[in-house]
Structure formats: C-alpha cells, structure tokens
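What follows is a short report on a single structure.
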Amino acid sequence: MAQVVRVMDNKVNPISNGSATPYAASIVGVSKRFGKTSVLHNITFHVAEGEALVLLGASGSGKTTILRIIAGLEQPYTGKIILHNKDVTELPARERGVGVIFQSYALFPKMTVEKNIGYGLRIRHRPRKEVKKTVNELLQLVQLEEHRKKYPSQLSGGQQQRVAIARTLAYKPEVLLFDEPFGALDAQTRSHLRREIRALLKKVNVPAVFITHDQEEALELGDRIAVINVGNIEQIGTPAEVYNNPTTEYVATFLGAANIIDGVVRKDRIEVGSTLIPARIDEKFKDGETVKIVFRPEDVLLSKTQPLPAGRACLSGGVVEETSFVGAYERVRVRLDPAGGAFESGDNPYYLTTETPESQTAKPIVVTRPKPEAVEVKLRRGDRVFVGLNAFTILPKTTRKTTPRP
Amino acid sequence: MRHVRGFDVTRPLSIGMLVFMMMPLVFLPLISIFIFGTNKGLASFWAALVAPEAVFALKLSMVTSFWATVFNVLFGLFAAYVLSRYTFWGRNALIVTISLPTAIPTAVAGVALLMLWGPFGILGRLLRPHGIDVMFTAGAIVLANIFVTFPLAFGVIKPVFDTLSRSLEEASATIGATRWQTFWHVTLPSLRGAIVSGALLTFARAVGEFGSTIMVSGNLAGRTQTAPLYIFAKFNEGQIEAANAIAIVLALFSFLVFSVLFFARDWLDVD
C-alpha cells in the first residue's frame, strides 16, 4: 500500500517547467450544446493537486456533462480540458488517463474482483508480475483481500464501489471523477462511505471531482464546492464560504435552507419593515437600493423578551405558527408582524419568501433551534416572540436565472 | 375437481392429459423411427448408416451447417451491434427484414435464391459465361442455410446486446482500452451465452433444413445431397431402413442440441 502511495506522489508532481500551473486539472471556457440546446456556458474551474472538488447541482444542471467532457466521453463545443499541463481536449477517453467511478460502478460482470482491478494494467500489456503486485497492493488498500476471487454480483454496493476505485487507481489516473457515487446506497452506508472515500483520497493524494445533487454530501466531501445551475457555475469556494456567504440566491437556497426577505439599504444599515439593522454594506449597493436579506434557519434568534440576548438587533416581532421536533433540533415556523402595523392582514408587509425566489407571496420564516435552547425556552403555537438575526447575507434584488459571463 | 383427503386430483390428471396428448403428436412418431430403423437388427441398421451415400449426406449436412453457423453468428453479432448501438433512419425496417426469413416458407427461400443465382437468375445469368455456377453446389446449400437461419443467432444475440450497459464500454474506454479490447474483454464475455445458444439453434436448424435445400442443391446423391434429402430420396425409393437410420441420427442429434440448450442454461447465463 505504501508503495502505491509513493508511486502516486511521484506521478502527480510532474510540474517542472516555468509556464506550468500548479493545477492537476483545468477546465477552461467549456461550453456544450446538444443540437440547438445549450447545456453548458463557458465553464471554467481548476482542481489543485490532491484536492477534492464537488460539482453540486440539481439534475439537468449540466454537472454530469462536465464530468463526461473531462473524461472524454463527450466533446465540448468550445473550451479546453487540461490535465497536468497537457491539453487533452482532442484526445479520446482511453488516452486521457482519467479514472471514472460510474454511478453504477460499471464493474465488469464476468471478471472477478482481482481481474477487474488488474484490467487497466493487462490491457497495457504490463508484465504479469507487476499486475499481480499492484492488484495485491490495491486489494489491501481498499480492504477487499478476502473477496478477490468473487464476482461483482456477489459484493455489496460499498464493496463494489471500492473495487471501482481500486480499478482506476491501478493505472495511476491523472484525476478521479465520481459520478453521483453514493446515489445507489442507503443513508447509513452513504455517510460511512463518504468518510471512507475521503480518507482514501487523502492517502493516495489523487485529485478528485465529485458530482452530486446532495448538499450534505457536497459539504462533507469537498475541499471546495462548485454550485452548478442551468449550465453555469453560480459560485465556487470552500464549503464554509459557499454555505456562509452565498453570492446568489440560488446558492443560498440550494445549499441548505434559507429565509429571504426584502430590505432597503440606508447608508450603513438595512431597513426591514420599520426596523433598521446595522450591517456591513458592500460598495456595490447604492443607498436606497432594495436588496434581499438571506439568512439560515439556525442564524435566527428567538426570544420571548426584549431586548434580545447578546445585544442583537430585533428584526421584528412575530407569532409562532408551528413547532416540530426533527431529531437533532427543533424547527419553528414564525410569521413576522406586518411592518409598523401598517398592514392589518399580516399578509404581505415585506416580501417574505423561502426557497422560491419568484414567489412574492408572504411566507413565514423557518427557524431551527438546538435542543438545549428548545428545552430551556419552550415555544408553543400562538406564542409571541421577538426575532433577531445572528448572521445574514445581502444579495442584489434582481434575480438572474442564468449568470451571464464574459 | 374435489380434494380427497388433501389429495389434489387435478395434478395427476392434468399431467397425464399432457403426456397423453403429446403421444400421437411427438412421442409416437419419434418412437416409430426407432422401431422401424432397428427392427431388422442392429447389423442392418449399422450397414444402412455406413453406406457411402449416407455417410456423405451426413457429412455434407454437418459441413454446410457449420459454415452457415459461423457466418450467421458473426453476422448476427455484427448486425446486433450495429442495430443496438446506433439509431438511424430505417433501423426498424432493417430489424424486420433481418427477422423476415423465419416467416418465409423455406421453399420460397429456395426459389428466391434460384431466381438470383440460378442459371437464368439475375446474377447467375451474368456469372455463368465466366464458368461460375453457384447453384447446385455445396455452396448453394450454405447460402440456403444462411438465408433460412439468418434471424436465429441475431434474434438471440440482439436482446442481450440491448441489455448490456453502455457504461461498461465507457468504463473500459476510460481505463484505456481500445474498441477492440473492450469488445474482446468486456462485451464478448457478456454475450457468450447468447452466442453459444444462437450457434446451437442455427446449427440444429440448418442440419434439418429441407425445403430450400432441395430447390437449390439439385439433390445429387454423393455430391449435393444432405441428410434430410437423403432420407426423402431413400424413402421414395422404398428403402425405409436406409431412410430410418439417418432419421434416427438426426433425431438424436437434435435431442442432444436441445438438451445442451436446456441444461446448460445456467452455465450460459452465468454472471
């Protein structure tokens, strides 16, 4: 196993000339059309050595197409794919040295585990001894030694996945591509395998690109996350950046739950309803501009008394509409008071939306509270509360469905 | 039907009924050829079997069927590959055309081949001045066999091809295999069962082919007479034992083929 790791270290550090970039893989200006439908628009991102990048997006967002273009299974309409400083755009899949772990694992059903793993070396006509040695090392690495003589159909989903990974590691891939790697597994196996794969990747130090539609998976697996929406990269950054500072409403709502309300910029504050809350206002926002305030359910503070603890500004008062216990925390739905009592109906004081940016109908905000807090301050339906915010993000009011890029 | 103390009368009755119905339809005819073929003693059965014309007919049947099988399996594979991998205009029409010979009377197939390759046929007329005669040769028998058994191997291989996951081939490609390596190491092993079944079916069908063969072969004893034609000829000459001896061989042969198909099913489909 140590051998494998060392060999891979050698492999992934070929950069010596001056013009070389430190990236293991670069996707530059890639666009793709199927017939007249444009599915990818000028996609650019880089994967660093040993990094795990997650492409997160809904189905139909184009993330699978990006993966297939990197693998050479699809041709881009424009743009380049560069692997370790080598332009591979024109190369067929078999000459790229990319390891793809398919969603179905695509293990060869008529080959045993060891035959599957050794396949890449056998078709390269490596000496039998070398094949055997590498297969043994990889079997040890993925802990499947006692299953070496089995056929894929005799293995569990997790074991099959490990075979699929070992099969690609055998020929020392430039980059590993995982296509929805945990889609076919149950929730428990999933989180277990996520940790396992992460540990494995750190060990072999091969850069990896994952694609998934599961935000939890993205947060746990990725060193960085690229959020893909209708063929565009909405945002790319570390899990903390993308989660805490979403740059678009889509990112805010796709990655975790988010409450969105309208506000107006007033110098160094934001006016929400009748309240002014202090905020760091980005230069791009003009005074008097209407903006969107995005905040996570766990960043909301609920209190039965004023002033709010920790000196937080009170956003508004509200009425508890519903509480539900969801395991690790409590979820509370709160309907904010109409602004300054101007609206009696309580229906659309400021535009409250959750999840759907298009919807302009007033909706209650969603708040989550950790267990200790839920136990200490019990809330029931109809209780009056004061609502404060621990953290929030300010986004422009204009919602762009697609992000135009130069 | 009434249950008498837990005994289901329907079961033995229906099984008995099935066997009884198959008696005149299948069992008795088969048994008859064995009775007639051997009722003059095994010695005469053996003598009928090793008569030069009989041996020749059996050999010719085997050889022509073999080549028809080789061709049809290879072509069936190719056709199945093309028709399950690519979608194009006229694809369904092609599938129907390939499957058509199952529905055409074999005599019609024979006539059709004669109209093409025969001395006065469309192509035969042109080839004849060059001294090329396709009809009334062993080659003609192979052609007829191919025509008639065309859909069999294809029909078995195509459905398996359709179920093969595309991602297996893609995986093989990303691992670094050429198209040929992928076909040889990944696709072909998955088709093994279908290929063996297809070959056995084709071969069994070709060995027994009569209608088209009699039209195109000329039925020349010792030259273009296959085993079924031999049986027919001997029967017409009143040599019932000679006809029966070969009939027994053919019956046993098909029994063997279908036993293999039936009992090796698990092996053929092994994952």
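Chain labels A, B, ... are given in the sequence in which chains occur in the structure tokens; within each chain residues are numbered consecutively from 1, and ligands are likewise numbered from 1 in the order shown.
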
Counting only C-alpha atoms, which residues of chain B fall within 7 Å of chain A, and what is the closest atom pair for each with its distance in Å at one decimal, ordered by chain and rising number, as a tab-separated table?
```
residue	atom	partner	partner_atom	distance
B:Ser167	CA	A:Ala106	CA	5.9
B:Leu168	CA	A:Ala106	CA	5.0
B:Ala171	CA	A:Ala106	CA	6.4
B:Ala173	CA	A:Arg94	CA	4.9
B:Thr174	CA	A:Arg94	CA	4.8
B:Ile175	CA	A:Gly120	CA	5.5
B:Gly176	CA	A:Arg94	CA	3.9
B:Ala177	CA	A:Arg94	CA	5.9
B:Thr178	CA	A:Arg94	CA	7.0
B:Val186	CA	A:Phe108	CA	6.5
B:Pro189	CA	A:Lys110	CA	6.5
B:Ser190	CA	A:Lys110	CA	6.7
B:Asp271	CA	A:Lys110	CA	5.7
```

Give me the residues within 6 Å of A:Thr238 as number ranges by chain, counting only C-alpha atoms and dropping any in the same chain fewer than 5 places off. A: 223-225

Any idea what the distance is between atom CA of B:Val142 and atom CA of B:Trp184?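 Separation of atom CA of B:Val142 and atom CA of B:Trp184: 27.8 Å.
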
List the neighbours of stretch 64-79 of chain B out to 7 Å using only C-alpha atoms; skip same-chain residues closer than 6 positions along the sequence, and give me the result as a compact mmCIF listing (two decimals) with N, CA, C and O atoms, in the first residue's frame.
```
# COMPACT_ATOMS: atom_id res chain seq x y z
N ALA B 138 -22.35 -27.37 -53.09
CA ALA B 138 -22.38 -27.30 -51.63
C ALA B 138 -22.53 -25.84 -51.20
O ALA B 138 -23.17 -25.53 -50.19
N ILE B 141 -26.00 -24.83 -50.89
CA ILE B 141 -26.64 -25.31 -49.66
C ILE B 141 -26.32 -24.37 -48.51
O ILE B 141 -27.18 -24.02 -47.70
N VAL B 142 -25.05 -23.93 -48.46
CA VAL B 142 -24.66 -22.98 -47.40
C VAL B 142 -25.48 -21.70 -47.53
O VAL B 142 -26.01 -21.18 -46.54
N ASN B 145 -28.92 -22.28 -46.31
CA ASN B 145 -28.90 -22.39 -44.85
C ASN B 145 -28.79 -21.02 -44.19
O ASN B 145 -29.46 -20.72 -43.21
N ILE B 146 -27.90 -20.22 -44.77
CA ILE B 146 -27.72 -18.87 -44.22
C ILE B 146 -29.02 -18.08 -44.30
O ILE B 146 -29.48 -17.50 -43.32
N PHE B 150 -30.80 -17.12 -40.87
CA PHE B 150 -30.40 -15.74 -40.65
C PHE B 150 -30.90 -15.14 -39.33
O PHE B 150 -30.11 -14.59 -38.56
N ALA B 153 -29.57 -16.56 -34.84
CA ALA B 153 -28.49 -16.07 -33.99
C ALA B 153 -28.73 -14.60 -33.64
O ALA B 153 -28.61 -14.19 -32.48
N PHE B 154 -29.14 -13.83 -34.64
CA PHE B 154 -29.44 -12.41 -34.42
C PHE B 154 -30.51 -12.25 -33.34
O PHE B 154 -30.36 -11.44 -32.42
N ILE B 157 -28.95 -12.92 -29.94
CA ILE B 157 -27.86 -12.03 -29.51
C ILE B 157 -28.35 -10.59 -29.29
O ILE B 157 -27.97 -9.93 -28.33
N ILE B 195 -24.24 -16.21 -27.70
CA ILE B 195 -23.55 -16.70 -28.90
C ILE B 195 -23.65 -18.22 -28.99
O ILE B 195 -23.97 -18.77 -30.04
N GLY B 198 -27.22 -19.13 -29.78
CA GLY B 198 -27.50 -18.76 -31.16
C GLY B 198 -26.87 -19.74 -32.13
O GLY B 198 -27.49 -20.16 -33.11
N ALA B 199 -25.62 -20.14 -31.83
CA ALA B 199 -24.91 -21.06 -32.72
C ALA B 199 -25.61 -22.43 -32.73
O ALA B 199 -25.82 -23.02 -33.79
N THR B 202 -28.89 -22.21 -34.64
CA THR B 202 -28.63 -22.08 -36.07
C THR B 202 -28.21 -23.43 -36.66
O THR B 202 -28.71 -23.86 -37.69
N PHE B 203 -27.29 -24.07 -35.95
CA PHE B 203 -26.75 -25.33 -36.46
C PHE B 203 -27.85 -26.39 -36.53
O PHE B 203 -28.01 -27.06 -37.55
N ALA B 206 -30.14 -25.64 -39.35
CA ALA B 206 -29.53 -25.80 -40.66
C ALA B 206 -29.38 -27.28 -41.02
O ALA B 206 -29.60 -27.67 -42.17
N VAL B 207 -29.04 -28.09 -40.04
CA VAL B 207 -28.88 -29.53 -40.31
C VAL B 207 -30.20 -30.12 -40.79
O VAL B 207 -30.23 -30.98 -41.66
```

In stretch 111-309 of chain A, DSSP alpha helix (DSSP H) residues written as a ChimeraX atom specification: /A:113-122,128-141,157-169,187-204,215-221,239-244,249-254

Close residues, stretch 105-109 of chain B itself excluded, 8 Å, only C-alpha atoms, min 4 positions apart in chain, as an NGL selection string: :B and (101 or 113 or 144 or 147-148 or 210-212 or 215)

Could you save the residues just selected, with C-alpha atoms, as a short mmCIF file (atom, residue, chain, number, x, y, z; two decimals), in the first residue's frame?
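In the end it all went to result-v2.cif:
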```
data_model
loop_
_atom_site.label_atom_id
_atom_site.label_comp_id
_atom_site.auth_asym_id
_atom_site.auth_seq_id
_atom_site.Cartn_x
_atom_site.Cartn_y
_atom_site.Cartn_z
CA PRO B 101 -36.83 -15.37 -43.09
CA LEU B 113 -32.14 -18.00 -54.35
CA ALA B 144 -29.79 -21.54 -48.44
CA PHE B 147 -30.86 -17.40 -45.67
CA VAL B 148 -33.16 -19.60 -43.62
CA PHE B 210 -35.12 -29.39 -46.33
CA GLY B 211 -37.37 -27.10 -48.33
CA SER B 212 -34.83 -24.60 -49.56
CA MET B 215 -34.57 -26.42 -54.50
#
```

With only C-alpha atoms as the counted atoms, please give the residues lying no more than 10 Å from stretch 394-398 of chain A, apart from itself and same-chain residues fewer than 4 positions off, as a PyMOL selection string. chain A and resi 245-249+252+260-265+270+279-282+284-285+289-295+357

Stretch 224-240 of chain B surroundings by only C-alpha atoms, 10 Å radius, close-in-sequence under 5 positions cut, as a ChimeraX atom specification: /B:33,36-37,48,53-64,136-141,207-211,213-214,216-219,245-247,249-250

Can you write just those residues out, N, CA, C and O atoms, as a short mmCIF file (atom, residue, chain, number, x, y, z; two decimals), in the first residue's frame?
```
data_model
loop_
_atom_site.label_atom_id
_atom_site.label_comp_id
_atom_site.auth_asym_id
_atom_site.auth_seq_id
_atom_site.Cartn_x
_atom_site.Cartn_y
_atom_site.Cartn_z
N ILE B 33 -39.69 -44.19 -35.61
CA ILE B 33 -38.48 -44.26 -36.44
C ILE B 33 -37.45 -45.17 -35.78
O ILE B 33 -36.70 -45.86 -36.46
N PHE B 36 -38.75 -48.78 -36.51
CA PHE B 36 -38.56 -49.19 -37.90
C PHE B 36 -37.09 -49.24 -38.30
O PHE B 36 -36.68 -50.04 -39.11
N GLY B 37 -36.32 -48.33 -37.71
CA GLY B 37 -34.90 -48.29 -38.06
C GLY B 37 -34.14 -49.49 -37.54
O GLY B 37 -33.10 -49.85 -38.08
N ALA B 48 -26.87 -49.68 -42.96
CA ALA B 48 -27.54 -48.55 -43.60
C ALA B 48 -26.86 -47.23 -43.26
O ALA B 48 -26.76 -46.32 -44.07
N GLU B 53 -23.14 -43.30 -49.42
CA GLU B 53 -24.01 -42.15 -49.70
C GLU B 53 -24.59 -41.55 -48.43
O GLU B 53 -24.72 -40.33 -48.31
N ALA B 54 -24.88 -42.41 -47.48
CA ALA B 54 -25.44 -41.94 -46.20
C ALA B 54 -24.40 -41.14 -45.44
O ALA B 54 -24.67 -40.05 -44.92
N VAL B 55 -23.18 -41.70 -45.37
CA VAL B 55 -22.11 -41.01 -44.66
C VAL B 55 -21.85 -39.66 -45.31
O VAL B 55 -21.70 -38.64 -44.64
N PHE B 56 -21.82 -39.68 -46.66
CA PHE B 56 -21.59 -38.43 -47.36
C PHE B 56 -22.67 -37.41 -47.03
O PHE B 56 -22.36 -36.23 -46.75
N ALA B 57 -23.92 -37.87 -47.05
CA ALA B 57 -25.03 -36.94 -46.79
C ALA B 57 -24.92 -36.31 -45.40
O ALA B 57 -25.10 -35.10 -45.23
N LEU B 58 -24.58 -37.17 -44.41
CA LEU B 58 -24.43 -36.65 -43.05
C LEU B 58 -23.30 -35.63 -42.97
O LEU B 58 -23.45 -34.56 -42.38
N LYS B 59 -22.18 -36.01 -43.57
CA LYS B 59 -21.02 -35.11 -43.55
C LYS B 59 -21.36 -33.77 -44.21
O LYS B 59 -21.05 -32.70 -43.69
N LEU B 60 -21.99 -33.87 -45.38
CA LEU B 60 -22.32 -32.65 -46.11
C LEU B 60 -23.23 -31.75 -45.28
O LEU B 60 -23.04 -30.52 -45.21
N SER B 61 -24.19 -32.38 -44.62
CA SER B 61 -25.09 -31.60 -43.76
C SER B 61 -24.31 -30.88 -42.67
O SER B 61 -24.53 -29.69 -42.40
N MET B 62 -23.40 -31.63 -42.03
CA MET B 62 -22.62 -31.05 -40.94
C MET B 62 -21.74 -29.90 -41.44
O MET B 62 -21.70 -28.82 -40.84
N VAL B 63 -21.06 -30.15 -42.55
CA VAL B 63 -20.12 -29.14 -43.05
C VAL B 63 -20.86 -27.87 -43.50
O VAL B 63 -20.51 -26.75 -43.11
N THR B 64 -21.92 -28.05 -44.29
CA THR B 64 -22.64 -26.86 -44.77
C THR B 64 -23.28 -26.11 -43.60
O THR B 64 -23.26 -24.88 -43.55
N PHE B 136 -26.72 -25.55 -57.19
CA PHE B 136 -26.46 -26.99 -57.30
C PHE B 136 -25.04 -27.36 -56.88
O PHE B 136 -24.40 -28.23 -57.43
N THR B 137 -24.54 -26.65 -55.89
CA THR B 137 -23.24 -26.98 -55.30
C THR B 137 -23.42 -26.97 -53.78
O THR B 137 -24.47 -26.59 -53.27
N ALA B 138 -22.35 -27.37 -53.09
CA ALA B 138 -22.38 -27.30 -51.63
C ALA B 138 -22.53 -25.84 -51.20
O ALA B 138 -23.17 -25.53 -50.19
N GLY B 139 -21.94 -24.94 -51.98
CA GLY B 139 -22.04 -23.52 -51.67
C GLY B 139 -23.49 -23.05 -51.68
O GLY B 139 -23.90 -22.24 -50.84
N ALA B 140 -24.26 -23.59 -52.61
CA ALA B 140 -25.67 -23.23 -52.69
C ALA B 140 -26.40 -23.66 -51.42
O ALA B 140 -27.28 -22.94 -50.90
N ILE B 141 -26.00 -24.83 -50.89
CA ILE B 141 -26.64 -25.31 -49.66
C ILE B 141 -26.32 -24.37 -48.51
O ILE B 141 -27.18 -24.02 -47.70
N VAL B 207 -29.04 -28.09 -40.04
CA VAL B 207 -28.88 -29.53 -40.31
C VAL B 207 -30.20 -30.12 -40.79
O VAL B 207 -30.23 -30.98 -41.66
N GLY B 208 -31.28 -29.62 -40.24
CA GLY B 208 -32.58 -30.19 -40.59
C GLY B 208 -33.23 -29.55 -41.81
O GLY B 208 -34.31 -29.98 -42.24
N GLU B 209 -32.59 -28.53 -42.39
CA GLU B 209 -33.23 -27.79 -43.47
C GLU B 209 -33.51 -28.67 -44.69
O GLU B 209 -32.65 -29.40 -45.17
N PHE B 210 -34.73 -28.55 -45.20
CA PHE B 210 -35.12 -29.39 -46.33
C PHE B 210 -35.62 -28.56 -47.51
O PHE B 210 -35.07 -28.63 -48.61
N GLY B 211 -36.65 -27.79 -47.25
CA GLY B 211 -37.37 -27.10 -48.33
C GLY B 211 -36.50 -26.28 -49.26
O GLY B 211 -36.56 -26.41 -50.48
N THR B 213 -33.16 -26.37 -49.37
CA THR B 213 -32.02 -27.16 -49.84
C THR B 213 -32.38 -27.95 -51.09
O THR B 213 -31.61 -28.04 -52.04
N ILE B 214 -33.59 -28.52 -51.06
CA ILE B 214 -33.94 -29.37 -52.20
C ILE B 214 -34.08 -28.56 -53.48
O ILE B 214 -33.84 -29.04 -54.58
N VAL B 216 -32.25 -25.73 -54.21
CA VAL B 216 -31.01 -25.14 -54.71
C VAL B 216 -29.87 -26.14 -54.89
O VAL B 216 -28.89 -25.85 -55.55
N SER B 217 -30.00 -27.34 -54.26
CA SER B 217 -28.85 -28.24 -54.28
C SER B 217 -28.85 -29.14 -55.51
O SER B 217 -27.81 -29.64 -55.92
N GLY B 218 -30.01 -29.38 -56.05
CA GLY B 218 -30.10 -30.32 -57.16
C GLY B 218 -30.26 -31.75 -56.68
O GLY B 218 -30.53 -32.65 -57.46
N ASN B 219 -30.07 -31.97 -55.39
CA ASN B 219 -30.29 -33.29 -54.78
C ASN B 219 -29.51 -34.38 -55.50
O ASN B 219 -30.04 -35.43 -55.85
N ALA B 245 -32.43 -45.04 -40.68
CA ALA B 245 -31.14 -44.99 -40.00
C ALA B 245 -30.67 -43.54 -39.86
O ALA B 245 -30.26 -43.10 -38.78
N ILE B 246 -30.76 -42.81 -40.95
CA ILE B 246 -30.33 -41.40 -40.89
C ILE B 246 -31.31 -40.58 -40.06
O ILE B 246 -30.91 -39.68 -39.31
N ALA B 247 -32.57 -40.92 -40.19
CA ALA B 247 -33.57 -40.19 -39.40
C ALA B 247 -33.27 -40.31 -37.91
O ALA B 247 -33.39 -39.33 -37.15
N VAL B 249 -30.35 -40.78 -36.54
CA VAL B 249 -29.18 -39.95 -36.23
C VAL B 249 -29.59 -38.49 -36.08
O VAL B 249 -29.22 -37.82 -35.11
N LEU B 250 -30.40 -38.02 -37.01
CA LEU B 250 -30.83 -36.61 -36.94
C LEU B 250 -31.68 -36.34 -35.70
O LEU B 250 -31.53 -35.30 -35.05
#
```

All residues 12 Å or closer to A:Phe45, only C-alpha atoms, same chain fewer than 2 positions away omitted, as a PyMOL selection string: chain A and resi 23-30+42-43+47-48+53-55+66+70+79-82+209+224-228+232-237

How about saving the chosen residues, C-alpha atoms kept, as a CSV table (one decimal), in the first residue's frame?
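Listing of part_16.csv after writing:
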```
chain,number,residue,atom,x,y,z
A,23,TYR,CA,-3.3,22.6,-11.2
A,24,ALA,CA,-4.0,18.9,-11.7
A,25,ALA,CA,-6.9,19.7,-13.9
A,26,SER,CA,-8.2,22.8,-15.6
A,27,ILE,CA,-11.5,23.2,-17.3
A,28,VAL,CA,-11.2,26.4,-19.4
A,29,GLY,CA,-14.2,28.1,-21.1
A,30,VAL,CA,-16.1,24.9,-21.7
A,42,ASN,CA,-18.3,29.0,-20.5
A,43,ILE,CA,-17.5,26.8,-17.6
A,47,VAL,CA,-8.6,21.4,-9.5
A,48,ALA,CA,-5.5,21.6,-7.4
A,53,LEU,CA,-13.8,19.4,-5.8
A,54,VAL,CA,-17.6,18.8,-5.7
A,55,LEU,CA,-19.8,19.9,-8.6
A,66,ILE,CA,-19.0,18.4,-17.4
A,70,ILE,CA,-13.4,15.8,-18.6
A,79,GLY,CA,-13.1,25.3,-24.5
A,80,LYS,CA,-10.2,23.2,-23.3
A,81,ILE,CA,-9.5,20.4,-20.8
A,82,ILE,CA,-6.0,20.5,-19.4
A,209,VAL,CA,-14.0,15.7,-8.9
A,224,ARG,CA,-14.2,23.1,-2.5
A,225,ILE,CA,-17.7,23.2,-3.9
A,226,ALA,CA,-18.9,24.5,-7.3
A,227,VAL,CA,-22.6,25.1,-7.4
A,228,ILE,CA,-23.9,24.5,-10.9
A,232,ASN,CA,-23.4,27.9,-15.2
A,233,ILE,CA,-21.1,27.9,-12.1
A,234,GLU,CA,-23.0,30.0,-9.6
A,235,GLN,CA,-20.3,30.0,-7.0
A,236,ILE,CA,-17.2,28.2,-6.2
A,237,GLY,CA,-15.5,28.1,-2.9
```
